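Listing of structure-v7.csv; format and content: CSV, C-alpha atoms.
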```csv
chain,number,residue,atom,x,y,z
A,1,MET,CA,4.9,-5.5,-21.5
A,2,GLU,CA,1.5,-6.9,-22.2
A,3,TYR,CA,-1.7,-5.1,-21.0
A,4,LYS,CA,-5.3,-4.9,-21.7
A,5,ILE,CA,-7.1,-1.6,-22.4
A,6,ILE,CA,-10.6,-1.0,-21.2
A,7,TYR,CA,-12.2,2.1,-22.5
A,8,SER,CA,-15.1,3.7,-20.6
A,9,LYS,CA,-16.8,6.9,-19.5
A,10,ARG,CA,-14.0,8.0,-17.1
A,11,LYS,CA,-12.0,11.2,-16.9
A,12,SER,CA,-8.5,9.8,-16.2
A,13,LEU,CA,-6.3,6.9,-17.0
A,14,ALA,CA,-5.8,4.2,-14.4
A,15,ILE,CA,-3.5,1.2,-14.3
A,16,GLN,CA,-4.5,-1.9,-12.3
A,17,VAL,CA,-2.8,-5.2,-11.7
A,18,THR,CA,-5.3,-8.0,-11.1
A,19,PRO,CA,-4.8,-10.7,-8.5
A,20,ASP,CA,-3.6,-13.0,-11.3
A,21,GLY,CA,-1.0,-10.5,-12.4
A,22,GLU,CA,-2.8,-9.2,-15.5
A,23,VAL,CA,-2.3,-5.5,-16.3
A,24,LEU,CA,-5.4,-3.5,-17.0
A,25,VAL,CA,-5.3,0.0,-18.3
A,26,LYS,CA,-8.6,1.8,-17.9
A,27,ALA,CA,-8.9,4.8,-20.1
A,28,PRO,CA,-11.4,7.5,-21.2
A,29,LYS,CA,-12.9,6.8,-24.6
A,30,ASN,CA,-10.9,8.3,-27.4
A,31,THR,CA,-7.6,8.3,-25.5
A,32,PRO,CA,-4.8,8.0,-28.1
A,33,LYS,CA,-3.0,4.6,-28.0
A,34,LYS,CA,0.3,6.6,-27.8
A,35,ASN,CA,-0.7,8.3,-24.5
A,36,ILE,CA,-1.6,4.9,-23.1
A,37,GLU,CA,1.8,3.4,-24.2
A,38,GLU,CA,3.7,6.3,-22.7
A,39,THR,CA,1.8,6.0,-19.4
A,40,VAL,CA,2.5,2.2,-19.2
A,41,LYS,CA,6.1,2.8,-19.9
A,42,LYS,CA,6.3,5.6,-17.3
A,43,TYR,CA,4.9,3.2,-14.6
A,44,SER,CA,6.6,0.0,-15.8
A,45,ASP,CA,8.7,-0.3,-12.6
A,46,TRP,CA,5.6,0.1,-10.4
A,47,ILE,CA,3.7,-2.4,-12.6
A,48,GLU,CA,6.5,-5.0,-12.3
A,49,LYS,CA,6.8,-4.6,-8.6
A,50,THR,CA,3.1,-4.9,-8.1
A,51,GLN,CA,2.9,-8.0,-10.2
A,52,LYS,CA,5.6,-9.6,-8.1
A,53,LYS,CA,3.6,-8.7,-4.9
A,54,VAL,CA,0.3,-10.0,-6.3
A,55,LEU,CA,1.8,-13.2,-7.6
A,56,GLY,CA,3.4,-13.8,-4.2
A,57,LYS,CA,7.0,-14.1,-5.5
A,58,ASP,CA,8.4,-12.3,-2.5
A,59,ILE,CA,8.6,-13.9,0.9
A,60,GLY,CA,6.8,-11.0,2.7
A,61,MET,CA,3.5,-11.5,0.9
A,62,LYS,CA,3.7,-15.2,0.0
A,63,LYS,CA,0.5,-16.9,1.0
A,64,ALA,CA,0.5,-18.1,4.6
A,65,SER,CA,-0.5,-21.5,5.7
A,66,ALA,CA,-3.6,-21.7,7.9
A,67,GLU,CA,-1.4,-22.1,11.0
A,68,GLU,CA,0.9,-19.2,10.2
A,69,GLU,CA,-2.1,-17.0,9.3
A,70,LYS,CA,-3.5,-17.7,12.8
A,71,LEU,CA,-0.2,-16.7,14.4
A,72,LEU,CA,0.2,-13.6,12.3
A,73,ARG,CA,-3.4,-12.4,12.9
A,74,LYS,CA,-2.9,-12.9,16.6
A,75,LYS,CA,0.3,-10.9,16.6
A,76,ALA,CA,-1.4,-8.2,14.5
A,77,ARG,CA,-4.3,-7.9,16.8
A,78,GLU,CA,-2.0,-7.5,19.8
A,79,LEU,CA,0.6,-5.2,18.3
A,80,LEU,CA,-1.3,-2.9,15.9
A,81,PRO,CA,-3.9,-1.3,18.2
A,82,GLU,CA,-1.1,-0.4,20.6
A,83,LYS,CA,1.0,1.2,17.8
A,84,VAL,CA,-2.1,2.9,16.3
A,85,ASN,CA,-3.0,4.5,19.7
A,86,TYR,CA,0.6,5.7,20.3
A,87,TYR,CA,1.1,7.3,16.9
A,88,SER,CA,-2.5,8.6,16.7
A,89,ASP,CA,-1.8,10.6,19.9
A,90,LEU,CA,1.4,12.0,18.4
A,91,LEU,CA,-0.4,13.0,15.1
A,92,GLY,CA,-3.6,14.2,16.8
A,93,VAL,CA,-5.9,11.9,14.7
A,94,THR,CA,-8.4,9.2,15.7
A,95,PRO,CA,-9.2,6.4,13.2
A,96,THR,CA,-12.9,5.4,13.0
A,97,ARG,CA,-12.0,1.7,12.8
A,98,LEU,CA,-9.0,-0.6,12.8
A,99,THR,CA,-9.2,-3.9,10.9
A,100,VAL,CA,-6.7,-6.7,10.1
A,101,THR,CA,-7.0,-8.2,6.7
A,102,GLY,CA,-5.3,-10.9,4.6
A,103,ALA,CA,-4.5,-8.4,1.8
A,104,ARG,CA,-1.4,-9.5,-0.2
A,105,THR,CA,-1.1,-6.4,-2.5
A,106,ARG,CA,-0.8,-3.7,0.2
A,107,PHE,CA,0.4,-3.5,3.8
A,108,GLY,CA,-2.2,-1.0,4.9
A,109,SER,CA,-4.9,1.3,3.8
A,110,CYS,CA,-6.9,4.3,5.0
A,111,SER,CA,-10.5,4.8,3.8
A,112,GLY,CA,-12.1,8.2,3.1
A,113,LYS,CA,-13.9,7.8,6.4
A,114,ASN,CA,-10.6,7.3,8.2
A,115,SER,CA,-11.0,3.6,8.8
A,116,ILE,CA,-7.5,2.0,8.9
A,117,SER,CA,-6.8,-1.6,7.7
A,118,PHE,CA,-3.5,-3.5,7.9
A,119,SER,CA,-2.6,-6.8,6.3
A,120,PHE,CA,-1.5,-9.5,8.8
A,121,TYR,CA,1.4,-10.2,6.4
A,122,LEU,CA,2.9,-7.0,7.7
A,123,MET,CA,3.8,-8.9,10.9
A,124,ARG,CA,6.5,-10.7,8.9
A,125,PHE,CA,8.5,-7.5,8.7
A,126,PRO,CA,10.8,-5.8,11.3
A,127,GLU,CA,9.2,-3.5,13.9
A,128,ASP,CA,10.7,-0.4,12.2
A,129,ALA,CA,8.8,-1.3,9.0
A,130,ILE,CA,5.6,-1.9,10.9
A,131,ASP,CA,5.9,1.5,12.6
A,132,TYR,CA,6.4,3.1,9.2
A,133,VAL,CA,3.2,1.6,7.8
A,134,VAL,CA,1.2,2.6,10.8
A,135,VAL,CA,2.4,6.2,10.6
A,136,HIS,CA,1.9,6.2,6.8
A,137,GLU,CA,-1.7,5.1,7.1
A,138,LEU,CA,-2.5,7.5,10.0
A,139,CYS,CA,-0.9,10.4,8.0
A,140,HIS,CA,-3.5,9.7,5.3
A,141,MET,CA,-6.1,11.0,7.8
A,142,ILE,CA,-4.4,14.4,7.5
A,143,HIS,CA,-3.4,14.2,3.7
A,144,HIS,CA,-5.5,11.8,1.6
A,145,ASN,CA,-2.7,11.6,-1.0
A,146,HIS,CA,1.0,11.1,-1.4
A,147,SER,CA,2.0,14.7,-1.7
A,148,LYS,CA,5.2,16.3,-0.4
A,149,GLU,CA,3.2,17.6,2.6
A,150,PHE,CA,2.1,14.0,3.3
A,151,TYR,CA,5.7,12.8,3.5
A,152,LYS,CA,6.7,15.8,5.5
A,153,GLU,CA,4.0,14.7,8.0
A,154,ILE,CA,5.5,11.3,8.2
A,155,GLU,CA,9.0,12.7,8.6
A,156,LYS,CA,7.9,14.7,11.6
A,157,ILE,CA,7.2,11.5,13.4
A,158,LEU,CA,9.8,9.2,11.8
A,159,PRO,CA,12.8,11.3,10.5
A,160,ASP,CA,14.3,8.0,9.2
A,161,TYR,CA,11.1,7.0,7.3
A,162,LYS,CA,13.0,6.4,4.1
A,163,ARG,CA,15.2,3.7,5.7
A,164,ARG,CA,12.1,2.1,7.3
A,165,LYS,CA,10.3,2.1,4.0
A,166,LYS,CA,13.2,0.3,2.3
A,167,LEU,CA,12.7,-2.6,4.7
A,168,LEU,CA,9.4,-3.2,2.9
A,169,ASP,CA,10.8,-3.1,-0.6
A,170,LEU,CA,10.2,-6.5,-2.0
```

Target encoding structure tokens, full file:
Amino acid sequence: MEYKIIYSKRKSLAIQVTPDGEVLVKAPKNTPKKNIEETVKKYSDWIEKTQKKVLGKDIGMKKASAEEEKLLRKKARELLPEKVNYYSDLLGVTPTRLTVTGARTRFGSCSGKNSISFSFYLMRFPEDAIDYVVVHELCHMIHHNHSKEFYKEIEKILPDYKRRKKLLDL
């Protein structure tokens, strides 16, 4: 697997897949090449999956026409606030903001200030998958990570979350 290494004054190693599918490894200065190679190998499945998403090789995130985008955004603006309100009440959290984006590399995100964003491309997926993404992002307001506790929080609301998550696997 090809990748570009960028050394800088950072404390940890990070792997990024750019919008054109290039793999960047950001590493602290003096990081041994062997450590970088091991990390890239360890995350090779994630890298390949992310490259497929970024390059739009899967139907779910393939670029929408202007007309389809308009329809998907409309559906997202109608459906997502309803779902966010419902699950927010169950979890006891309140997002500071809800936005709909055209992101093609992720279905949703939660900022450090508890602002929630969802890609309109999520509207191409079954409702069970949409519910999973909504709950996933809202749970980030409780746990800003992907720890065991985070997934236990999701499981409290969606006991079948693993099945729902698989609906998103591209």

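The two atoms in question, atom CA of Ala103 of chain A and atom CA of Ser119 of chain A, are spaced 5.1 Å apart.
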
Query - Selection near Ala64 of chain A, 12 Å with only C-alpha atoms, sequence-local residues under 6 positions removed, as a list in words - result: Gly56, Lys70, Leu71, Leu72, Arg73, Gly102, Ala103, Arg104, Ser119, Phe120, Tyr121, Leu122, Met123 and Arg124 of chain A

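Atom CA of Asn114 of chain A sits 8.0 Å away from atom CA of His140 of chain A.
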
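Distance-wise, atom CA of Lys74 of chain A and atom CA of Arg97 of chain A end up 17.6 Å apart.
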
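Residues in contact with Ile47 of chain A at up to 12 Å, not including ones fewer than 5 positions away on its chain and judged by all atoms listed in the file, are Met1, Glu2, Tyr3, Ala14, Ile15, Gln16, Val17, Thr18, Gly21, Glu22, Val23, Leu24, Val25, Thr39, Val40, Lys41, Lys42, Lys52, Lys53, Val54 and Thr105 of chain A.
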
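Excluding Val134 of chain A itself and same-chain residues fewer than 4 positions from it, the residues having an atom within 9 Å of it are Leu80, Lys83, Val84, Tyr87, Gly108, Ile116, Phe118, Ala129, Ile130, Leu138 and Cys139 of chain A, counting only C-alpha atoms.
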
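Of the residues listed (A:Ser12, A:Asp20, A:Asn145, A:Val135), A:Asp20 shows the shortest atom-to-atom separation from Gln51 of chain A; distances use only C-alpha atoms.
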
Requested in this report: With a distance cut-off of 12 Å and only C-alpha atoms, select the neighbouring residues of Glu127 of chain A, excluding the residue or stretch itself and same-chain residues fewer than 6 positions from it, and output the selection as an MDAnalysis selection string.
Outcome: chainID A and resid 75:76 79:80 83 133:134 164:165 167:168

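When only C-alpha atoms are used to compute distances to Thr50 of chain A, the closest of the residues A:Arg163, A:Lys156, A:Arg106, A:Lys113 turns out to be A:Arg106.
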
Report summary line: Using all atoms listed in the file, the residue out of A:Asp45, A:Glu67, A:Asp160, A:Glu37 with shortest distance to Asp128 of chain A is A:Asp160

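The list of residues within 12 Å of (2.1, 16.1, 13.7), counted using only C-alpha atoms, is Tyr87, Ser88, Asp89, Leu90, Leu91, Gly92, Val93, Val135, Leu138, Cys139, His140, Met141, Ile142, His143, Glu149, Phe150, Tyr151, Lys152, Glu153, Ile154, Glu155, Lys156, Ile157 and Leu158 of chain A.
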
Report summary line: Counting only C-alpha atoms, the residue among A:Tyr132, A:Thr101, A:Thr94, A:Glu69 that lies closest to Ser115 of chain A is A:Thr94

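Closest approach to Ala27 of chain A from the set A:Thr96, A:Tyr43, A:Lys162, A:Lys9 is made by A:Lys9, with distances taken over only C-alpha atoms.
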
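Nearest-residue note for Leu13 of chain A: choosing from A:Lys49, A:Thr31, A:Lys166, A:Ser147, the minimum distance belongs to A:Thr31, counting all atoms listed in the file.
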